[in-house]
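Q: So here's start_39.txt, just compact mmCIF, C-alpha atoms:
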# COMPACT_ATOMS: atom_id res chain seq x y z
CA MET A 1 89.83 116.24 114.56
CA ASP A 2 89.01 112.60 114.11
CA ASP A 3 85.39 113.50 113.41
CA VAL A 4 86.54 115.59 110.43
CA LEU A 5 89.30 113.40 109.00
CA ARG A 6 87.38 110.15 109.16
CA PRO A 7 84.51 111.31 106.85
CA LEU A 8 86.97 112.99 104.48
CA ILE A 9 89.09 109.86 104.25
CA VAL A 10 86.13 107.53 103.76
CA VAL A 11 84.07 109.64 101.36
CA GLY A 12 87.00 111.28 99.60
CA GLY A 13 88.86 107.99 99.29
CA SER A 14 85.80 106.34 97.76
CA VAL A 15 85.37 109.13 95.21
CA VAL A 16 89.09 109.25 94.31
CA LEU A 17 89.29 105.47 94.00
CA THR A 18 86.18 105.51 91.79
CA LEU A 19 87.69 108.13 89.48
CA LEU A 20 91.00 106.27 89.26
CA LEU A 21 89.36 102.93 88.46
CA GLY A 22 87.05 104.59 85.93
CA TRP A 23 89.97 106.35 84.23
CA ALA A 24 92.06 103.16 84.13
CA THR A 25 89.20 101.09 82.74
CA ASP A 26 88.40 103.70 80.09
CA ARG A 27 92.05 103.86 79.05
CA LEU A 28 92.22 100.08 78.68
CA LEU A 29 89.06 100.06 76.58
CA ARG A 30 90.45 102.85 74.39
CA LYS A 31 93.67 100.93 73.76
CA ALA A 32 91.72 97.77 72.99
CA ASP A 33 89.58 99.74 70.54
CA GLN A 34 92.69 101.04 68.77
CA ARG A 35 94.25 97.57 68.56
CA HIS A 36 91.07 95.94 67.25
CA PRO A 37 89.38 98.40 64.89
CA GLU A 38 87.54 95.55 63.15
CA THR A 39 85.11 95.23 66.07
CA PRO A 40 83.18 98.12 67.67
CA LEU A 41 82.73 96.27 70.98
CA TRP A 42 85.39 98.15 72.95
CA GLY A 43 84.21 101.52 71.75
CA LEU A 44 80.62 100.65 72.61
CA LEU A 45 81.61 99.46 76.07
CA ARG A 46 83.05 102.91 76.77
CA ARG A 47 79.47 104.22 76.74
CA GLY A 48 78.99 102.46 80.08
CA ARG A 49 81.68 104.38 81.94
CA VAL A 50 79.14 106.64 83.70
CA PRO A 51 77.02 103.81 85.21
CA TYR A 52 80.26 101.91 85.89
CA GLN A 53 81.71 104.75 87.95
CA LEU A 54 78.38 105.31 89.67
CA LEU A 55 78.23 101.62 90.57
CA LEU A 56 81.76 101.67 91.98
CA CYS A 57 81.14 104.81 94.02
CA ALA A 58 77.85 103.51 95.43
CA ALA A 59 79.40 100.14 96.30
CA LEU A 60 82.41 101.73 98.04
CA LEU A 61 80.28 104.19 99.98
CA ARG A 62 77.79 101.50 100.91
CA GLY A 63 80.56 99.33 102.31
CA SER A 64 82.46 102.06 104.15
CA TYR A 65 79.70 104.45 105.22
CA VAL A 66 79.47 102.93 108.69
CA GLU A 67 83.13 103.74 109.28
CA ALA A 68 82.57 107.38 108.34
CA ARG A 69 80.24 107.94 111.31
CA VAL A 70 78.38 110.74 109.54
CA LEU A 71 74.78 111.43 110.63
CA PRO A 72 74.44 108.23 112.65
CA GLU A 73 70.76 108.99 113.36
CA HIS A 74 70.08 108.75 109.58
CA GLN A 75 72.25 105.73 108.99
CA VAL A 76 69.38 103.50 107.87
CA GLY A 77 67.98 106.02 105.40
CA ILE A 78 71.36 106.85 103.90
CA GLY A 79 72.27 103.17 103.63
CA ARG A 80 68.97 102.40 101.87
CA THR A 81 69.51 105.31 99.47
CA LEU A 82 72.97 104.03 98.59
CA THR A 83 71.49 100.56 98.05
CA LEU A 84 68.89 101.97 95.65
CA VAL A 85 71.59 103.85 93.74
CA LEU A 86 73.68 100.66 93.63
CA ILE A 87 70.79 98.62 92.18
CA GLY A 88 69.88 101.29 89.65
CA SER A 89 73.44 101.81 88.43
CA ALA A 90 73.96 98.04 88.17
CA ALA A 91 70.84 97.71 86.00
CA TRP A 92 71.97 100.66 83.87
CA LEU A 93 75.41 99.07 83.37
CA VAL A 94 73.91 95.70 82.45
CA ILE A 95 71.70 97.35 79.83
CA ARG A 96 74.68 99.20 78.33
CA ILE A 97 76.81 96.03 78.21
CA ALA A 98 74.00 94.01 76.64
CA ALA A 99 73.42 96.73 74.04
CA ALA A 100 77.13 96.81 73.19
CA VAL A 101 77.30 93.04 72.73
CA VAL A 102 74.14 92.90 70.63
CA GLU A 103 75.19 95.85 68.47
CA THR A 104 78.61 94.30 67.88
CA SER A 105 77.07 90.98 66.83
CA TYR A 106 74.72 92.74 64.41
CA THR A 107 77.53 94.86 62.94
CA ARG A 108 79.61 91.78 62.19
CA TYR A 109 76.67 89.99 60.65
CA ALA A 110 75.68 93.00 58.54
CA SER A 111 79.21 93.53 57.21
CA ALA A 112 79.37 89.88 56.16
CA HIS A 113 75.92 89.62 54.52
CA ALA A 114 75.02 93.18 53.45
CA GLN A 115 75.95 92.62 49.80
CA ARG A 116 74.59 89.08 49.42
CA ASP A 117 71.29 89.29 51.30
CA PRO A 118 70.24 92.82 52.34
CA ALA A 119 66.68 91.69 53.13
CA ARG A 120 67.95 89.19 55.70
CA VAL A 121 70.15 91.87 57.23
CA ARG A 122 67.11 94.12 57.71
CA ARG A 123 65.22 91.24 59.31
CA VAL A 124 68.08 90.55 61.74
CA ARG A 125 68.27 94.25 62.55
CA THR A 126 64.56 94.29 63.41
CA GLN A 127 64.91 91.22 65.61
CA VAL A 128 68.01 92.57 67.35
CA THR A 129 66.31 95.89 68.06
CA LEU A 130 63.26 94.27 69.61
CA ILE A 131 65.36 91.78 71.60
CA ARG A 132 67.41 94.64 73.02
CA ARG A 133 64.24 96.44 74.06
CA VAL A 134 62.88 93.28 75.69
CA VAL A 135 66.12 92.78 77.63
CA SER A 136 66.09 96.40 78.76
CA ALA A 137 62.49 96.07 79.93
CA ILE A 138 63.23 92.85 81.83
CA VAL A 139 66.30 94.32 83.53
CA GLY A 140 64.35 97.45 84.42
CA VAL A 141 61.50 95.45 85.95
CA VAL A 142 63.91 93.31 87.96
CA ALA A 143 65.75 96.41 89.18
CA VAL A 144 62.51 98.10 90.27
CA ALA A 145 61.41 94.92 92.04
CA ALA A 146 64.77 94.69 93.83
CA MET A 147 64.47 98.32 94.90
CA LEU A 148 60.98 97.74 96.30
CA LEU A 149 62.10 94.66 98.21
CA THR A 150 64.65 96.73 100.13
CA PHE A 151 61.77 98.21 102.10
CA PRO A 152 60.54 95.99 104.98
CA ALA A 153 56.91 96.87 104.29
CA MET A 154 57.16 95.46 100.77
CA ARG A 155 58.74 92.22 102.05
CA ALA A 156 55.93 91.82 104.57
CA ALA A 157 53.34 92.30 101.86
CA GLY A 158 54.99 89.76 99.57
CA ALA A 159 52.92 86.84 100.79
CA SER A 160 49.64 88.64 100.17
CA LEU A 161 50.79 89.79 96.75
CA LEU A 162 51.71 86.25 95.73
CA ALA A 163 48.37 84.94 97.06
CA SER A 164 46.44 87.42 94.92
CA ALA A 165 48.70 87.09 91.88
CA GLY A 166 46.07 85.16 89.94
CA ILE A 167 43.37 87.78 90.45
CA LEU A 168 45.77 90.63 89.75
CA GLY A 169 46.96 88.88 86.59
CA ILE A 170 43.41 88.57 85.29
CA VAL A 171 42.63 92.20 86.10
CA ALA A 172 45.87 93.41 84.54
CA GLY A 173 45.27 91.29 81.45
CA VAL A 174 41.80 92.75 80.94
CA ALA A 175 42.93 96.31 81.63
CA ALA A 176 46.01 96.07 79.40
CA GLN A 177 44.47 94.01 76.62
CA SER A 178 45.40 96.50 73.91
CA THR A 179 48.96 96.93 75.20
CA LEU A 180 49.53 93.20 75.52
CA GLY A 181 48.10 92.69 72.05
CA ASN A 182 50.57 95.20 70.62
CA MET A 183 53.46 93.55 72.48
CA PHE A 184 52.64 90.12 71.09
CA ALA A 185 52.14 91.67 67.65
CA GLY A 186 55.61 93.24 67.93
CA LEU A 187 57.16 89.87 68.71
CA GLN A 188 55.21 88.33 65.82
CA ILE A 189 56.52 90.98 63.44
CA ALA A 190 60.09 90.54 64.68
CA PHE A 191 60.22 86.78 64.27
CA GLY A 192 57.56 86.31 61.59
CA ASP A 193 59.45 88.42 59.01
CA MET A 194 56.31 90.37 58.07
CA VAL A 195 57.91 93.83 58.00
CA ARG A 196 61.45 94.95 58.77
CA ILE A 197 63.30 98.16 59.45
CA GLY A 198 64.16 99.71 56.10
CA ASP A 199 61.29 98.10 54.17
CA THR A 200 59.31 100.20 51.72
CA VAL A 201 55.60 99.94 52.56
CA VAL A 202 52.28 101.49 51.57
CA VAL A 203 49.98 101.99 54.56
CA ASP A 204 46.59 103.74 54.26
CA GLY A 205 47.65 105.13 50.89
CA GLU A 206 50.92 106.57 52.25
CA TRP A 207 54.22 105.43 50.72
CA GLY A 208 57.24 105.38 53.00
CA THR A 209 60.06 103.49 54.70
CA VAL A 210 59.86 101.69 58.04
CA GLU A 211 62.11 103.70 60.34
CA GLU A 212 61.50 102.21 63.79
CA ILE A 213 59.81 99.15 65.26
CA THR A 214 59.15 98.78 68.97
CA LEU A 215 57.08 96.34 71.00
CA THR A 216 54.03 98.59 70.81
CA PHE A 217 54.28 100.94 67.80
CA LEU A 218 55.87 101.28 64.38
CA THR A 219 57.07 104.46 62.65
CA VAL A 220 56.95 104.96 58.87
CA ARG A 221 58.95 107.82 57.30
CA THR A 222 57.14 109.09 54.20
CA TRP A 223 58.81 110.45 51.07
CA ASP A 224 58.12 114.04 52.21
CA GLU A 225 59.86 113.49 55.59
CA ARG A 226 56.68 113.00 57.62
CA ARG A 227 56.47 110.32 60.31
CA ILE A 228 53.41 108.09 60.61
CA THR A 229 53.19 106.26 63.94
CA MET A 230 50.73 103.39 64.30
CA PRO A 231 50.31 100.37 66.59
CA VAL A 232 52.10 97.24 65.46
CA SER A 233 48.81 95.32 65.75
CA TYR A 234 47.74 97.12 62.55
CA PHE A 235 50.26 95.09 60.54
CA THR A 236 48.97 91.80 61.94
CA SER A 237 45.27 92.52 61.45
CA LYS A 238 45.03 94.55 58.21
CA PRO A 239 46.52 94.16 54.73
CA PHE A 240 49.36 96.42 53.64
CA GLU A 241 51.84 96.60 50.76
CA ASN A 242 55.46 95.64 51.41
CA TRP A 243 57.51 96.49 48.34
CA SER A 244 60.68 95.07 49.91
CA ARG A 245 59.23 91.62 50.54
CA GLY A 246 61.26 89.01 48.66
CA THR A 247 63.40 90.69 46.03
CA PRO A 248 63.43 94.51 45.99
CA GLN A 249 63.21 94.64 42.16
CA MET A 250 60.14 96.45 40.88
CA THR A 251 58.24 97.17 37.65
CA GLY A 252 56.70 100.60 37.14
CA THR A 253 54.29 102.14 34.64
CA VAL A 254 54.10 105.49 32.87
CA PHE A 255 50.91 106.64 31.09
CA TRP A 256 50.34 109.24 28.39
CA HIS A 257 47.10 110.39 26.73
CA LEU A 258 48.00 111.16 23.10
CA ASP A 259 46.39 111.81 19.75
CA HIS A 260 45.53 108.81 17.57
CA THR A 261 48.25 109.85 15.12
CA ALA A 262 51.08 109.52 17.66
CA PRO A 263 54.16 107.70 16.21
CA LEU A 264 54.25 104.55 18.34
CA ASP A 265 57.29 102.97 16.68
CA ALA A 266 59.32 106.15 17.12
CA MET A 267 58.17 106.36 20.73
CA ARG A 268 59.44 102.83 21.39
CA GLU A 269 62.84 103.76 20.00
CA ARG A 270 62.89 106.95 22.02
CA LEU A 271 61.94 105.02 25.18
CA ARG A 272 64.88 102.69 24.61
CA ASP A 273 67.26 105.64 24.23
CA ILE A 274 65.93 107.34 27.37
CA LEU A 275 66.37 104.20 29.46
CA ARG A 276 69.89 103.59 28.21
CA GLU A 277 70.86 107.05 29.47
CA CYS A 278 69.08 106.63 32.83
CA PRO A 279 71.38 105.14 35.54
CA ALA A 280 68.40 104.07 37.66
CA TRP A 281 67.14 101.59 35.02
CA ASP A 282 68.40 98.09 35.79
CA GLY A 283 68.25 96.90 32.15
CA ARG A 284 65.88 94.00 32.78
CA ALA A 285 62.90 94.96 30.61
CA TYR A 286 60.88 97.75 29.01
CA ASN A 287 57.77 97.95 26.83
CA LEU A 288 55.38 100.46 25.25
CA THR A 289 51.81 99.56 24.25
CA VAL A 290 48.40 101.15 23.67
CA THR A 291 46.12 100.15 26.56
CA ASP A 292 42.94 102.16 25.87
CA THR A 293 41.28 104.56 23.43
CA THR A 294 38.67 107.31 23.59
CA PRO A 295 36.97 109.25 20.77
CA SER A 296 39.64 111.97 21.07
CA THR A 297 42.78 110.30 22.51
CA MET A 298 44.48 106.99 23.14
CA GLU A 299 46.20 105.80 26.29
CA VAL A 300 49.84 104.72 25.88
CA ARG A 301 51.57 102.79 28.65
CA ALA A 302 55.29 102.25 29.17
CA LEU A 303 56.63 99.48 31.41
CA VAL A 304 60.04 100.02 33.04
CA THR A 305 62.05 98.13 35.67
CA ALA A 306 64.48 99.06 38.46
CA LYS A 307 66.32 97.41 41.33
CA ASP A 308 64.25 98.98 44.15
CA ALA A 309 61.41 101.37 44.95
CA ASP A 310 63.58 104.51 44.98
CA ASP A 311 65.05 103.81 41.54
CA ILE A 312 61.68 102.93 40.00
CA TRP A 313 60.40 106.35 41.00
CA THR A 314 63.42 108.00 39.35
CA VAL A 315 62.96 105.99 36.16
CA ARG A 316 59.26 106.81 35.91
CA VAL A 317 59.61 110.56 36.31
CA THR A 318 62.58 110.63 33.91
CA VAL A 319 60.74 108.72 31.19
CA ARG A 320 57.58 110.79 31.61
CA GLU A 321 59.39 114.13 31.41
CA GLN A 322 61.75 113.36 28.53
CA MET A 323 59.09 111.64 26.40
CA ILE A 324 56.71 114.61 26.68
CA ARG A 325 59.54 117.02 25.84
CA TRP A 326 60.52 114.92 22.80
CA LEU A 327 56.94 114.76 21.53
CA ALA A 328 56.48 118.52 21.93
CA GLU A 329 59.69 119.20 19.97
CA GLU A 330 59.62 116.48 17.30
CA HIS A 331 55.95 115.42 17.00
CA PRO A 332 53.69 118.16 18.35
CA TYR A 333 50.71 116.74 16.45
CA ALA A 334 50.82 113.68 18.73
CA LEU A 335 49.84 115.69 21.79
CA PRO A 336 46.10 115.73 22.57
CA ARG A 337 44.16 118.54 20.96
CA ILE A 338 40.77 120.06 21.68
CA SER A 339 38.72 121.31 18.69
CA THR A 340 37.29 124.77 19.26
CA ALA A 341 35.02 127.11 17.21
CA GLU A 342 34.65 130.87 17.20
CA ALA A 343 32.15 132.07 19.76
CA VAL A 344 29.00 133.68 18.23
CA PRO A 345 27.21 136.55 20.09
CA ARG A 346 23.68 135.83 21.26
CA PRO A 347 21.83 138.43 19.04
CA ALA A 348 23.60 137.23 15.91
CA LEU A 349 22.78 133.64 16.82
CA ASP A 350 19.08 134.55 17.22
CA ARG A 351 19.05 136.30 13.84
CA ARG A 352 20.59 133.27 12.17
CA ARG A 353 18.01 130.99 13.74
CA SER A 354 15.08 133.22 12.69
CA ALA A 355 16.44 133.50 9.16
CA SER A 356 16.79 129.74 8.87
CA ILE A 357 13.19 129.28 10.06
CA SER A 358 11.58 131.97 7.82
CA ALA A 359 13.55 131.21 4.68
CA PRO A 360 11.47 128.21 3.46
CA ALA A 361 8.17 130.10 3.85
CA GLY A 362 9.43 133.06 1.83
CA ILE A 363 10.74 130.84 -0.86
CA SER A 364 7.40 128.99 -1.16
CA ALA A 365 5.46 132.29 -1.28
CA ALA A 366 7.65 133.60 -4.08
CA ARG A 367 7.13 130.42 -6.01
CA ASN A 368 3.32 130.71 -5.61
CA THR A 369 3.21 134.25 -7.10
CA GLN A 370 4.81 133.08 -10.29
CA GLY A 371 2.64 131.71 -13.11
CA PRO A 372 3.10 128.49 -14.94
CA PRO A 373 6.11 128.37 -17.13
CA SER A 374 5.59 129.66 -20.63
CA ASP A 375 5.73 127.43 -23.56
CA GLY A 376 8.30 129.61 -25.16
Translate this structure into structure tokens?
A:
Amino acid sequence: MDDVLRPLIVVGGSVVLTLLLGWATDRLLRKADQRHPETPLWGLLRRGRVPYQLLLCAALLRGSYVEARVLPEHQVGIGRTLTLVLIGSAAWLVIRIAAAVVETSYTRYASAHAQRDPARVRRVRTQVTLIRRVVSAIVGVVAVAAMLLTFPAMRAAGASLLASAGILGIVAGVAAQSTLGNMFAGLQIAFGDMVRIGDTVVVDGEWGTVEEITLTFLTVRTWDERRITMPVSYFTSKPFENWSRGTPQMTGTVFWHLDHTAPLDAMRERLRDILRECPAWDGRAYNLTVTDTTPSTMEVRALVTAKDADDIWTVRVTVREQMIRWLAEEHPYALPRISTAEAVPRPALDRRRSASISAPAGISAARNTQGPPSDG
């Protein structure tokens, strides 16, 4: 009877105690979240309840497993397994807590500076994201190393590994040159303020918004919902356009090819009316000038302004569409025209050519048959 009750009490008591402590901790965090809605820390900490309960259960079982006297011949293996679970759950919990603290700090900073300096908020968001990834990687490496050191064979090989660390470092550096280059490029982007999450960029002719930045790659979401993924070293070695660098205000152009008789003064007035009715125009400036001419048309350019890249696109398409519609309705002669002539069939064209060639000879022959003019 003792062989049955002892394992049930030890294992069952550990599980029940873990559930009770997890429930009590979660309830306290929920109450704290309700009392302090201005900070998301307590709500974010609740995401760590699974690794927290796993850590408690592994710690309780690891400390009381000997008293359970279950499978004594496998005591070493079971104890090592519980130790590995304990290390892994502890690393998982540390990562969750660090993420909650970092996310809370960023949320407070963003709420305080979002209106005054959105560019700086995007830069801090990029730095916070990369720092969180670095911390997660460091904690993961330490946890894996701690797990490996629980095996006696790994502890015995520690001296030889340390002795050959220099050679292994050189080999690893040569083998992972590209990866290390991308990692250092990611840190350079994060703290060099070259590109940030949310920036509008043009890369290889593609216009889009930076959606994600990691230590090794960067993702750009294009206007048509495609994702372009490229190594972060691209942004440190090649030129690219960052439309969000500095102030997000932009100036855009709209071109028309019109007839030489187009009413330019009326077009300037119409451009002013269109912009006044367009909410995306920021009211800073506008202009309409002739920039080029050809034998059949002239090129007219309109300059418009907006507060960011999205609004400048809206202003450009609105001005282009409404100006063409207004010209077609009010001044159709201003639209480019192509002069055409009636097509002539080939036989008729040959007859015309032959008649034009033979006509002078016939006329001269007729003149030669006539005599000199009479005196009368």
Q: With distances taken over all atoms listed in the file, which of A:Ser233, A:Ser64, A:Thr150, A:Thr200 is nearest to Arg122 of chain A?
A: A:Thr200
Q: State, in Å with one decimal place, the distance from atom CA of Thr297 of chain A to atom CA of Arg337 of chain A.
A: 8.5 Å
Q: Considering all atoms listed in the file, can you say which of A:Arg276, A:Arg120, A:Arg325, A:Arg301 comes closest to Trp256 of chain A?
A: A:Arg301
Q: Just how far from atom CA of Val102 of chain A is atom CA of Glu38 of chain A, in Å to one decimal?
A: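 One can read the atom CA of Glu38 of chain A to atom CA of Val102 of chain A distance as 15.6 Å.
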Q: Identify, on the basis of only C-alpha atoms, every residue whose closest approach to segment 75-88 of chain A does not exceed 6 Å; exclude the query and any residue fewer than 6 positions from it along the same chain; express the result as a PyMOL selection string.
A: chain A and resi 55+58+62+147
Q: State, in Å with one decimal place, the distance from atom CA of Glu211 of chain A to atom CA of Thr126 of chain A.
A: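 So the answer is 10.2 Å.
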Q: When you look at Thr39 of chain A with a cut-off of 9 Å (counting only C-alpha atoms), what residues show up, excluding the ones that are within fewer than 4 positions of it in the same chain? I need them as a list in words.
A: Asp33, Gly43, Thr104, Thr107 and Arg108 of chain A
Q: For Gln322 of chain A, list every protein, DNA or RNA residue within 10 Å, evaluated using only C-alpha atoms, and leave out those in the same chain fewer than 6 positions away; present the list as a list of chain:residue names.
A: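 Returned residues: A:Arg270, A:Leu271, A:Ile274, A:Ala328.
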Q: Go ahead and find all residues with at least one atom no further than 6 Å from (61.3, 97.4, 68.7) in the file's coordinates, using all atoms listed in the file; report them as a list in words.
A: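 The residues near that point, listed by chain and number, are Thr129, Leu130, Ile213, Thr214 and Leu215 of chain A.
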Q: Suppose we keep C-alpha atoms; can you now write the selection as an mmCIF file, keeping the file's coordinate frame?
A:
data_model
loop_
_atom_site.group_PDB
_atom_site.id
_atom_site.type_symbol
_atom_site.label_atom_id
_atom_site.label_comp_id
_atom_site.auth_asym_id
_atom_site.auth_seq_id
_atom_site.Cartn_x
_atom_site.Cartn_y
_atom_site.Cartn_z
ATOM 1 C CA THR A 129 66.310 95.890 68.060
ATOM 2 C CA LEU A 130 63.260 94.270 69.610
ATOM 3 C CA ILE A 213 59.810 99.150 65.260
ATOM 4 C CA THR A 214 59.150 98.780 68.970
ATOM 5 C CA LEU A 215 57.080 96.340 71.000
#
Q: Taking only C-alpha atoms into account, which of A:Glu206, A:Asp292, A:Asp199, A:Asp26 comes nearest Asp310 of chain A?
A: A:Asp199
Q: When distances are computed from all atoms listed in the file, which of A:Cys278, A:Val203, A:Met323, A:Leu258 shows the smallest separation from Leu335 of chain A?
A: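 Nearest to Leu335 of chain A: A:Leu258.
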Q: Could you check the closest approach to His257 of chain A for each of A:Thr294, A:Arg227, A:Ala100, A:Thr236 and tell me which residue wins, using all atoms listed in the file?
A: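 Result for the nearest residue to His257 of chain A: A:Thr294.
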Q: Considering only C-alpha atoms, return as a list of chain:residue names whatever protein or nucleic-acid residues lie within 9 Å of Leu44 of chain A, sequence-local ones (same chain, fewer than 5 positions apart) excluded.
A: A:Arg96, A:Ile97, A:Ala99, A:Ala100, A:Val101, A:Glu103, A:Thr104
Q: Skip Trp92 of chain A itself and residues of its chain fewer than 5 positions away, then list as a compact mmCIF listing (two decimals) with C-alpha atoms, in the coordinates of the input all residues within 12 Å of it, counting only C-alpha atoms.
A:
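What ended up in out.txt:
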# COMPACT_ATOMS: atom_id res chain seq x y z
CA ARG A 47 79.47 104.22 76.74
CA GLY A 48 78.99 102.46 80.08
CA ARG A 49 81.68 104.38 81.94
CA VAL A 50 79.14 106.64 83.70
CA PRO A 51 77.02 103.81 85.21
CA TYR A 52 80.26 101.91 85.89
CA GLN A 53 81.71 104.75 87.95
CA LEU A 54 78.38 105.31 89.67
CA LEU A 55 78.23 101.62 90.57
CA VAL A 85 71.59 103.85 93.74
CA LEU A 86 73.68 100.66 93.63
CA ILE A 87 70.79 98.62 92.18
CA ILE A 97 76.81 96.03 78.21
CA ALA A 98 74.00 94.01 76.64
CA ALA A 99 73.42 96.73 74.04
CA VAL A 135 66.12 92.78 77.63
CA SER A 136 66.09 96.40 78.76
CA ALA A 137 62.49 96.07 79.93
CA ILE A 138 63.23 92.85 81.83
CA VAL A 139 66.30 94.32 83.53
CA GLY A 140 64.35 97.45 84.42
CA VAL A 141 61.50 95.45 85.95
CA VAL A 142 63.91 93.31 87.96
CA ALA A 143 65.75 96.41 89.18
CA VAL A 144 62.51 98.10 90.27
